[in-house]
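Here is the file upload15.pdb (PDB, C-alpha atoms and all ligand atoms).
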```pdb
ATOM      1  CA  MET H 927     -13.220  12.589 -26.191
ATOM      2  CA  PHE H 928     -14.192  12.471 -22.555
ATOM      3  CA  ARG H 929     -13.270   8.827 -22.408
ATOM      4  CA  VAL H 930      -9.861   9.524 -23.856
ATOM      5  CA  LEU H 931      -9.205  12.274 -21.338
ATOM      6  CA  ALA H 932     -10.346  10.096 -18.489
ATOM      7  CA  ALA H 933      -8.014   7.331 -19.575
ATOM      8  CA  LEU H 934      -5.104   9.727 -19.825
ATOM      9  CA  ALA H 935      -5.800  11.126 -16.390
ATOM     10  CA  GLY H 936      -5.738   7.661 -14.929
ATOM     11  CA  ALA H 937      -2.500   6.765 -16.645
ATOM     12  CA  SER H 938      -0.600   9.916 -15.744
ATOM     13  CA  GLY H 939      -0.505   9.305 -12.048
ATOM     14  CA  VAL H 940      -3.451  11.432 -11.017
ATOM     15  CA  ALA H 941      -4.334   9.062  -8.240
ATOM     16  CA  ALA H 942      -7.865   7.954  -7.629
ATOM     17  CA  ASP H 943      -9.541   7.627  -4.263
ATOM     18  CA  VAL H 944      -7.641   4.541  -3.127
ATOM     19  CA  VAL H 945      -3.954   5.252  -2.665
ATOM     20  CA  ILE H 946      -0.888   3.358  -1.553
ATOM     21  CA  ASN H 947      -0.292   4.882   1.881
ATOM     22  CA  GLU H 948       2.346   2.754   3.611
ATOM     23  CA  ILE H 949       4.928   0.212   2.448
ATOM     24  CA  HIS H 950       6.891  -2.080   4.753
ATOM     25  CA  TYR H 951       9.490  -3.436   2.385
ATOM     26  CA  ALA H 952      12.526  -4.056   4.575
ATOM     27  CA  PRO H 953      11.667  -5.922   7.792
ATOM     28  CA  ASP H 954      14.340  -5.656  10.482
ATOM     29  CA  VAL H 955      14.476  -9.439  10.869
ATOM     30  CA  LYS H 956      15.289 -10.637   7.376
ATOM     31  CA  THR H 957      13.870 -14.128   7.907
ATOM     32  CA  GLU H 958      10.411 -12.853   8.830
ATOM     33  CA  ALA H 959       7.864 -12.633   6.023
ATOM     34  CA  VAL H 960       6.190  -9.500   7.349
ATOM     35  CA  GLU H 961       6.264  -7.177   4.368
ATOM     36  CA  PHE H 962       2.992  -5.337   3.828
ATOM     37  CA  ILE H 963       1.320  -2.585   1.843
ATOM     38  CA  GLU H 964      -1.402  -0.394   3.313
ATOM     39  CA  LEU H 965      -4.080   1.182   1.151
ATOM     40  CA  TYR H 966      -6.162   4.200   2.157
ATOM     41  CA  ASN H 967      -9.450   5.437   0.762
ATOM     42  CA  ARG H 968      -9.110   9.218   0.776
ATOM     43  CA  GLY H 969     -12.340   9.702  -1.143
ATOM     44  CA  THR H 970     -15.918  10.135   0.001
ATOM     45  CA  ASN H 971     -17.339   6.953  -1.493
ATOM     46  CA  THR H 972     -16.954   3.289  -0.625
ATOM     47  CA  VAL H 973     -14.788   1.637  -3.258
ATOM     48  CA  ASP H 974     -15.449  -1.907  -4.439
ATOM     49  CA  LEU H 975     -12.066  -3.595  -4.753
ATOM     50  CA  SER H 976     -13.426  -6.857  -6.159
ATOM     51  CA  GLY H 977     -11.023  -8.095  -8.801
ATOM     52  CA  TRP H 978      -8.498  -5.305  -8.214
ATOM     53  CA  GLN H 979      -4.856  -6.357  -8.287
ATOM     54  CA  MET H 980      -1.475  -5.493  -6.889
ATOM     55  CA  THR H 981       1.058  -6.051  -9.678
ATOM     56  CA  ARG H 982       4.730  -5.595 -10.592
ATOM     57  CA  ALA H 983       6.750  -6.053  -7.385
ATOM     58  CA  VAL H 984       4.119  -8.255  -5.770
ATOM     59  CA  GLN H 985       1.044  -9.961  -7.141
ATOM     60  CA  PHE H 986      -2.281 -10.202  -5.358
ATOM     61  CA  THR H 987      -5.911 -10.242  -6.495
ATOM     62  CA  PHE H 988      -8.639  -8.919  -4.215
ATOM     63  CA  SER H 989     -11.504 -11.361  -3.844
ATOM     64  CA  GLY H 990     -15.076 -10.498  -4.668
ATOM     65  CA  GLY H 991     -16.865  -8.462  -2.034
ATOM     66  CA  THR H 992     -13.781  -6.608  -0.817
ATOM     67  CA  VAL H 993     -14.767  -3.011  -0.181
ATOM     68  CA  LEU H 994     -13.009  -0.054   1.381
ATOM     69  CA  ALA H 995     -15.051   2.629   3.096
ATOM     70  CA  PRO H 996     -14.145   6.335   2.984
ATOM     71  CA  GLY H 997     -11.274   6.958   5.395
ATOM     72  CA  GLY H 998     -10.673   3.227   5.654
ATOM     73  CA  LEU H 999      -7.311   1.491   5.692
ATOM     74  CA  LEU H1000      -6.640  -1.924   4.236
ATOM     75  CA  VAL H1001      -3.468  -3.948   4.649
ATOM     76  CA  VAL H1002      -2.262  -6.539   2.171
ATOM     77  CA  ALA H1003       0.538  -8.711   3.498
ATOM     78  CA  GLN H1004       3.257 -10.983   2.262
ATOM     79  CA  ASP H1005       2.072 -13.495   4.885
ATOM     80  CA  PRO H1006      -1.005 -12.519   6.959
ATOM     81  CA  VAL H1007      -0.258 -15.158   9.599
ATOM     82  CA  ALA H1008       3.279 -13.873  10.142
ATOM     83  CA  LEU H1009       2.009 -10.288  10.190
ATOM     84  CA  LYS H1010      -0.602 -11.139  12.798
ATOM     85  CA  THR H1011       1.996 -12.882  14.942
ATOM     86  CA  LYS H1012       4.446  -9.993  14.866
ATOM     87  CA  PHE H1013       2.198  -6.935  14.843
ATOM     88  CA  GLY H1014      -1.228  -8.231  15.869
ATOM     89  CA  ALA H1015      -2.645  -6.793  12.679
ATOM     90  CA  THR H1016      -5.181  -8.355  10.384
ATOM     91  CA  ALA H1017      -4.443  -8.275   6.682
ATOM     92  CA  LEU H1018      -5.363  -9.705   3.328
ATOM     93  CA  GLY H1019      -2.913 -11.882   1.464
ATOM     94  CA  PRO H1020      -0.637 -13.652   0.992
ATOM     95  CA  TRP H1021       0.854 -12.125  -2.129
ATOM     96  CA  SER H1022       3.411 -13.560  -4.504
ATOM     97  CA  GLY H1023       6.791 -11.927  -4.902
ATOM     98  CA  ARG H1024       8.915  -9.701  -2.690
ATOM     99  CA  LEU H1025       9.327  -5.988  -2.194
ATOM    100  CA  GLY H1026      12.848  -5.002  -3.135
ATOM    101  CA  ASN H1027      14.903  -3.571  -0.293
ATOM    102  CA  GLU H1028      16.561  -0.952  -2.462
ATOM    103  CA  GLY H1029      13.557   0.120  -4.456
ATOM    104  CA  ASP H1030      10.705  -1.422  -6.367
ATOM    105  CA  ASP H1031       7.532  -0.670  -8.276
ATOM    106  CA  VAL H1032       4.184  -1.173  -6.546
ATOM    107  CA  VAL H1033       1.107  -0.983  -8.743
ATOM    108  CA  LEU H1034      -2.562  -1.028  -7.795
ATOM    109  CA  ALA H1035      -4.874  -1.750 -10.725
ATOM    110  CA  ASP H1036      -8.641  -1.967 -10.839
ATOM    111  CA  ALA H1037     -10.698  -4.884 -12.120
ATOM    112  CA  ALA H1038     -10.399  -3.581 -15.673
ATOM    113  CA  GLY H1039      -6.606  -3.484 -15.383
ATOM    114  CA  ALA H1040      -6.387   0.320 -15.282
ATOM    115  CA  ILE H1041      -3.717   1.630 -12.929
ATOM    116  CA  GLN H1042      -5.319   3.386  -9.947
ATOM    117  CA  ASP H1043      -2.084   4.130  -8.130
ATOM    118  CA  GLU H1044       1.592   3.347  -8.452
ATOM    119  CA  VAL H1045       4.624   4.009  -6.271
ATOM    120  CA  GLU H1046       8.178   3.526  -7.481
ATOM    121  CA  TYR H1047       9.944   3.821  -4.163
ATOM    122  CA  LYS H1048      13.672   4.018  -3.706
ATOM    123  CA  LEU H1049      16.022   3.665  -0.774
ATOM    124  CA  GLY H1050      17.660   6.891   0.310
ATOM    125  CA  PHE H1051      17.220  10.599  -0.298
ATOM    126  CA  PRO H1052      14.754  12.008  -1.133
ATOM    127  CA  TRP H1053      13.109   8.770  -0.005
ATOM    128  CA  PRO H1054      13.344   7.673   3.656
ATOM    129  CA  THR H1055      16.139   5.300   4.562
ATOM    130  CA  VAL H1056      14.788   2.181   6.243
ATOM    131  CA  GLY H1057      15.851  -1.416   6.794
ATOM    132  CA  GLU H1058      17.561  -1.260  10.190
ATOM    133  CA  PRO H1059      15.980  -2.113  13.541
ATOM    134  CA  PRO H1060      13.396  -1.354  14.871
ATOM    135  CA  GLY H1061      11.927  -2.057  11.474
ATOM    136  CA  TYR H1062      10.613   1.006   9.753
ATOM    137  CA  SER H1063       8.083   1.186   7.003
ATOM    138  CA  ILE H1064       7.684   4.161   4.738
ATOM    139  CA  GLU H1065       4.466   6.068   5.204
ATOM    140  CA  LEU H1066       2.857   8.855   3.242
ATOM    141  CA  ILE H1067       3.011  12.056   5.302
ATOM    142  CA  ASN H1068      -0.426  13.052   4.080
ATOM    143  CA  PRO H1069      -2.693  10.822   1.985
ATOM    144  CA  SER H1070      -3.561  13.755  -0.225
ATOM    145  CA  ALA H1071       0.096  14.264  -1.144
ATOM    146  CA  ASP H1072       1.517  12.973  -4.428
ATOM    147  CA  ASN H1073       3.005   9.634  -3.485
ATOM    148  CA  ASP H1074       5.257   9.605  -6.540
ATOM    149  CA  LEU H1075       7.608  11.986  -4.719
ATOM    150  CA  GLY H1076      10.042  10.584  -2.157
ATOM    151  CA  GLY H1077       9.902  13.732  -0.052
ATOM    152  CA  HIS H1078       6.258  13.039   0.701
ATOM    153  CA  TRP H1079       7.155   9.854   2.601
ATOM    154  CA  ARG H1080       8.632   9.384   6.052
ATOM    155  CA  ALA H1081      10.026   6.464   7.998
ATOM    156  CA  SER H1082       7.532   5.053  10.480
ATOM    157  CA  VAL H1083       7.936   2.471  13.216
ATOM    158  CA  VAL H1084       5.586  -0.365  12.382
ATOM    159  CA  GLY H1085       3.093  -0.949  15.138
ATOM    160  CA  GLY H1086       4.187   2.169  16.985
ATOM    161  CA  ALA H1087       1.820   4.545  18.643
ATOM    162  CA  GLY H1088       0.137   7.311  16.777
ATOM    163  CA  PRO H1089      -2.865   7.689  14.571
ATOM    164  CA  THR H1090      -0.942   7.324  11.327
ATOM    165  CA  SER H1091       1.196   4.333  12.194
ATOM    166  CA  THR H1092      -1.375   1.866  13.404
ATOM    167  CA  LEU H1093      -2.473  -1.022  11.260
ATOM    168  CA  VAL H1094      -6.197  -0.993  10.821
ATOM    169  CA  LEU H1095      -8.218  -3.261   8.632
ATOM    170  CA  ASN H1096     -11.508  -1.806   7.593
ATOM    171  CA  GLN H1097     -14.250  -3.880   9.112
ATOM    172  CA  GLY H1098     -16.144  -4.108   5.882
ATOM    173  CA  ALA H1099     -13.194  -5.460   3.956
ATOM    174  CA  VAL H1100     -13.406  -9.114   4.806
TER     175      VAL H1100
HETATM  176 CA    CA H1201      11.995  -6.756   1.115
HETATM  177 CA    CA H1202       1.232   7.374  -7.387
END
```
For the file at hand, write its structure as C-alpha cells.
Amino acid sequence: MFRVLAALAGASGVAADVVINEIHYAPDVKTEAVEFIELYNRGTNTVDLSGWQMTRAVQFTFSGGTVLAPGGLLVVAQDPVALKTKFGATALGPWSGRLGNEGDDVVLADAAGAIQDEVEYKLGFPWPTVGEPPGYSIELINPSADNDLGGHWRASVVGGAGPTSTLVLNQGAV
C-alpha cells in the first residue's frame, strides 16, 4: 500500500527535491543555440542524478556520477559551448530537440523512469511573456512554489545581476 501511495504522489506532480527552476526557451537571437534548463535542489540531501533524463521537449541523459548538492543549481544546455560563449556559464549537454517558443512540456525523470518534476509552460498570461530582446528566460519566483502554475514564474534577464538570475553549476556536478 505504501508503495502504491508513493507512486501516486510522484505521478501527481508533488515535486521531489530536484525541481525545474528556470527555462530559457526563446533566445533573443534566433540563430543562437543557447536554450537551457536550470535545475535546483531544494532538499536537504545530495541527489544522485546518474541515469536521470530530461524527456518530452528535449532529451538528455545525465551521466554516471552527476550529483546535485542541497541548494545547488545545475544547468543543462542545448549547446554548452554556445552557452559558455554567450553567458560565460558552464552547463551539461548538449540535448536533443528544441524548446517550443509558444509552450512545451519539460520532464525530468529519475533513473527508474519515474517523473520527478514536469513543467508544461506556455507563452503569455498567466505565464510570463518572453522572446524579445534582451532575451528573457522564465524563472520560478520561489523554488518551493508549485511550478505547474504560470503565476509562479517571472521573466528574468539571462546573465543579469541578482542572486536568482545567475547561472551556477554545482561544483560537484561534473
Ligand atoms: Ca525555442
Ligand atoms: Ca511540476
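Residues matching the PyMOL selection byres (((chain H and resi 1053) around 10) and not hetatm) in this structure come to Gly1029, Tyr1047, Lys1048, Leu1049, Gly1050, Phe1051, Pro1052, Pro1054, Thr1055, Val1056, Ile1064, Leu1075, Gly1076, Gly1077, His1078, Trp1079, Arg1080 and Ala1081 of chain H.
Distance-wise, CA of Arg982 (chain H) and CA of Asn1073 (chain H) end up 16.9 Å apart.
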(Q) Can you tell me which residues surround Glu1044 (chain H) at a distance of at most 9 Å, considering all atoms listed in the file, apart from same-chain residues fewer than 6 positions away, and format the answer as a ChimeraX atom specification? (A) /H:939,941,945-946,1031-1035,1073-1074
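Within the 6 Å cut-off around region 959-967 of chain H, using all atoms listed in the file and omitting residues fewer than 6 positions from it on the same chain, the listed residues are Asp943, Val944, Val945, Ile946, Asn947, Glu948, Ile949, His950, Tyr951, Pro996, Gly997, Gly998, Leu999, Leu1000, Val1001, Val1002, Ala1003, Gln1004, Asp1005, Ala1008 and Leu1009 of chain H.
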**Q.** Output check: residues returned by the PyMOL selection byres (((not hetatm)) within 7 of (chain H and resi 1201)), as JSON, numbers by chain
**A.** {"H": [951, 952, 953, 961, 1024, 1025, 1026, 1027]}
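Interatomic distance, CA of Thr981 (chain H) against CA of Asp1043 (chain H): 10.8 Å.
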When you get a chance, write out N, CA and C atoms for region 1028-1041 of chain H, as a PDB file, in the coordinates of the input.
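See out13.pdb below for the written result:
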```
ATOM      1  N   GLU H1028      15.876  -2.156  -1.993  1.00  0.00           N
ATOM      2  CA  GLU H1028      16.561  -0.952  -2.462  1.00  0.00           C
ATOM      3  C   GLU H1028      15.740  -0.213  -3.500  1.00  0.00           C
ATOM      4  N   GLY H1029      14.446  -0.531  -3.519  1.00  0.00           N
ATOM      5  CA  GLY H1029      13.557   0.120  -4.456  1.00  0.00           C
ATOM      6  C   GLY H1029      12.758  -0.913  -5.216  1.00  0.00           C
ATOM      7  N   ASP H1030      11.552  -0.510  -5.591  1.00  0.00           N
ATOM      8  CA  ASP H1030      10.705  -1.422  -6.367  1.00  0.00           C
ATOM      9  C   ASP H1030       9.519  -0.619  -6.891  1.00  0.00           C
ATOM     10  N   ASP H1031       8.655  -1.314  -7.608  1.00  0.00           N
ATOM     11  CA  ASP H1031       7.532  -0.670  -8.276  1.00  0.00           C
ATOM     12  C   ASP H1031       6.251  -1.357  -7.828  1.00  0.00           C
ATOM     13  N   VAL H1032       5.442  -0.638  -7.063  1.00  0.00           N
ATOM     14  CA  VAL H1032       4.184  -1.173  -6.546  1.00  0.00           C
ATOM     15  C   VAL H1032       3.039  -0.573  -7.352  1.00  0.00           C
ATOM     16  N   VAL H1033       2.215  -1.448  -7.899  1.00  0.00           N
ATOM     17  CA  VAL H1033       1.107  -0.983  -8.743  1.00  0.00           C
ATOM     18  C   VAL H1033      -0.207  -1.524  -8.210  1.00  0.00           C
ATOM     19  N   LEU H1034      -1.202  -0.645  -8.148  1.00  0.00           N
ATOM     20  CA  LEU H1034      -2.562  -1.028  -7.795  1.00  0.00           C
ATOM     21  C   LEU H1034      -3.436  -0.785  -9.015  1.00  0.00           C
ATOM     22  N   ALA H1035      -4.039  -1.866  -9.529  1.00  0.00           N
ATOM     23  CA  ALA H1035      -4.874  -1.750 -10.725  1.00  0.00           C
ATOM     24  C   ALA H1035      -6.288  -2.201 -10.411  1.00  0.00           C
ATOM     25  N   ASP H1036      -7.246  -1.598 -11.087  1.00  0.00           N
ATOM     26  CA  ASP H1036      -8.641  -1.967 -10.839  1.00  0.00           C
ATOM     27  C   ASP H1036      -9.010  -3.224 -11.622  1.00  0.00           C
ATOM     28  N   ALA H1037     -10.264  -3.616 -11.529  1.00  0.00           N
ATOM     29  CA  ALA H1037     -10.698  -4.884 -12.120  1.00  0.00           C
ATOM     30  C   ALA H1037     -10.567  -4.878 -13.641  1.00  0.00           C
ATOM     31  N   ALA H1038     -10.555  -3.686 -14.227  1.00  0.00           N
ATOM     32  CA  ALA H1038     -10.399  -3.581 -15.673  1.00  0.00           C
ATOM     33  C   ALA H1038      -8.927  -3.521 -16.076  1.00  0.00           C
ATOM     34  N   GLY H1039      -8.036  -3.523 -15.093  1.00  0.00           N
ATOM     35  CA  GLY H1039      -6.606  -3.484 -15.383  1.00  0.00           C
ATOM     36  C   GLY H1039      -6.037  -2.082 -15.455  1.00  0.00           C
ATOM     37  N   ALA H1040      -6.873  -1.062 -15.251  1.00  0.00           N
ATOM     38  CA  ALA H1040      -6.387   0.320 -15.282  1.00  0.00           C
ATOM     39  C   ALA H1040      -5.647   0.637 -13.985  1.00  0.00           C
ATOM     40  N   ILE H1041      -4.499   1.285 -14.114  1.00  0.00           N
ATOM     41  CA  ILE H1041      -3.717   1.630 -12.929  1.00  0.00           C
ATOM     42  C   ILE H1041      -4.430   2.710 -12.127  1.00  0.00           C
TER      43      ILE H1041
END
```
